Each structure stands twice: as C-alpha cells, then as structure tokens.
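Some notes on the structure that comes next.
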Amino acid sequence: MKTYKVLLISTVVLGLLLGGVLAFQTQASVVQVTARVTPPFYSLEDPIPMYFMITLTNFPKPYKPEDVNASTLLVGSVVPMATQVEESDEWPKTTKNSFKFKVEGDPLMYWVVLPYIWHMGFPPHTRVPIDVTVEGQFYNGQEFQGTFTLTVFTEKPELDPNNPPPPP
C-alpha cells in the first residue's frame, strides 16, 4: 500500500511537470505581411532621396492596417520610421488595406543598402537587388515582418572615382 501511494504521487508530479513544460513550448510566430518600397529603383549616381515610402499590405485576419504600432517599425533592423516628414500630409497613412510610412533616405542607404553593396564588392554598372526586411508589432504585441526588394544600380566605370584612368 505504501509503494502504491509513492508511485501514484510520483506519477502525478511527473505529469504536472511534463504538462508545464509542454505548456511553455509554444512558439511565437511572426505574422507575414507584404512590403513594397517607393521608389523601387535607385542609382548610386543620383542623389539619395530624402525619403523612401514603405507600404505594408496583405494583413492576415484578424489584423488590420490600423493595428500597426508605428513606434515599433524598423527597416533593415536599424532604420526607424521617419517622425518629422516635412510635408503637409500626415504620416503614417492608414487605409482600409494598407499602412504607409516613410523612412529617411540617408540612414536607409548608409546603414542598410551601401554596407551590403560594399561588402559584396559588386562591379561597376551592375543591378543589385537588395532584400530589406520591415519588422514591427501590432498593438497587441504580436510581431510581423515583410520584405521588399530595392534594386540599386552601381556607378558606371567612368564615373567611379576609385578607378584610375586607363593607360594611354
């Protein structure tokens, strides 16, 4: 009788521990949305745009564009949403199907795009598609992310200041 009670108590404790471990094994999933950038093309020969506009769409149910917590947005894991857009319109813009916001051009180029191009050492006059991730949270704390492609054209060889002129 004594062994039966010890075995019963041990089984109950083991079951509770196992149930607790399984309860905490749930993984937090990241909600996928569609991201798009405007302008989608940029040439290194041109001046950097003051702003790039990012549009988030295709929010899965039950989420809507107005559920996006704008203060949590990061582009390329380092560039936050621009907070002082010098235009008469209010940003970010929320419609029925999309959430639009702007990021400053200099930080996006110098912190995300150009380090990738410099690191990979692309030759002059090349089209370089760069996938950039937009991440953030909804107001309920659920994380989301989307990826857009920014195509960058490297300089033409004759305009590259690091290339010496050809020998005569």
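Chain labels follow the order of the structure tokens: the first chain is A, the next B, and so on; residue numbering restarts at 1 in every chain, and ligands are counted from 1 in their shown order.
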Q: Please identify all polymer residues within 12 Å of Lys61 (chain A), counting only C-alpha atoms, omitting same-chain residues fewer than 5 positions from it, and present them as a list in words.
A: Val31, Gln32, Val33, Asp67 and Asn97 of chain A
Taking C-alpha atoms for each residue, export the selection above as an mmCIF file, in the first residue's frame.
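Dumped everything to part_28.cif:
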```cif
data_model
loop_
_atom_site.group_PDB
_atom_site.id
_atom_site.type_symbol
_atom_site.label_atom_id
_atom_site.label_comp_id
_atom_site.auth_asym_id
_atom_site.auth_seq_id
_atom_site.Cartn_x
_atom_site.Cartn_y
_atom_site.Cartn_z
ATOM 1 C CA VAL A 31 2.928 37.315 -38.944
ATOM 2 C CA GLN A 32 3.947 37.806 -42.584
ATOM 3 C CA VAL A 33 2.800 40.905 -44.476
ATOM 4 C CA ASP A 67 -3.484 47.660 -35.703
ATOM 5 C CA ASN A 97 -5.932 47.721 -46.996
#
```
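Between CA of Gly146 (chain A) and CA of Ser98 (chain A) the separation is 12.8 Å.
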**Q.** Shell of 10 Å around Leu56 (chain A), only C-alpha atoms, local chain residues under 5 positions omitted, as a PyMOL selection string
**A.** chain A and resi 33-37+65+68+94+97-101+134+145-148
Output C-alpha atoms for every residue in that selection, as a PDB file, in the first residue's frame.
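Dumped to selection-v2.pdb:
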```pdb
ATOM      1  CA  VAL A  33       2.800  40.905 -44.476  1.00  0.00           C
ATOM      2  CA  THR A  34       3.675  42.229 -47.927  1.00  0.00           C
ATOM      3  CA  ALA A  35       6.052  45.195 -48.101  1.00  0.00           C
ATOM      4  CA  ARG A  36       6.761  47.478 -51.057  1.00  0.00           C
ATOM      5  CA  VAL A  37       9.144  50.440 -51.410  1.00  0.00           C
ATOM      6  CA  PRO A  65      -3.568  48.182 -41.027  1.00  0.00           C
ATOM      7  CA  VAL A  68       0.163  48.514 -36.575  1.00  0.00           C
ATOM      8  CA  THR A  94      -3.615  54.142 -42.957  1.00  0.00           C
ATOM      9  CA  ASN A  97      -5.932  47.721 -46.996  1.00  0.00           C
ATOM     10  CA  SER A  98      -2.551  49.362 -46.402  1.00  0.00           C
ATOM     11  CA  PHE A  99      -0.256  51.066 -43.932  1.00  0.00           C
ATOM     12  CA  LYS A 100       2.151  53.586 -45.495  1.00  0.00           C
ATOM     13  CA  PHE A 101       5.071  55.247 -43.777  1.00  0.00           C
ATOM     14  CA  VAL A 134      10.485  45.583 -42.378  1.00  0.00           C
ATOM     15  CA  GLN A 145       7.517  41.297 -40.824  1.00  0.00           C
ATOM     16  CA  GLY A 146       7.627  41.805 -44.562  1.00  0.00           C
ATOM     17  CA  THR A 147      10.386  42.061 -47.137  1.00  0.00           C
ATOM     18  CA  PHE A 148      10.736  44.418 -50.084  1.00  0.00           C
TER      19      PHE A 148
END
```
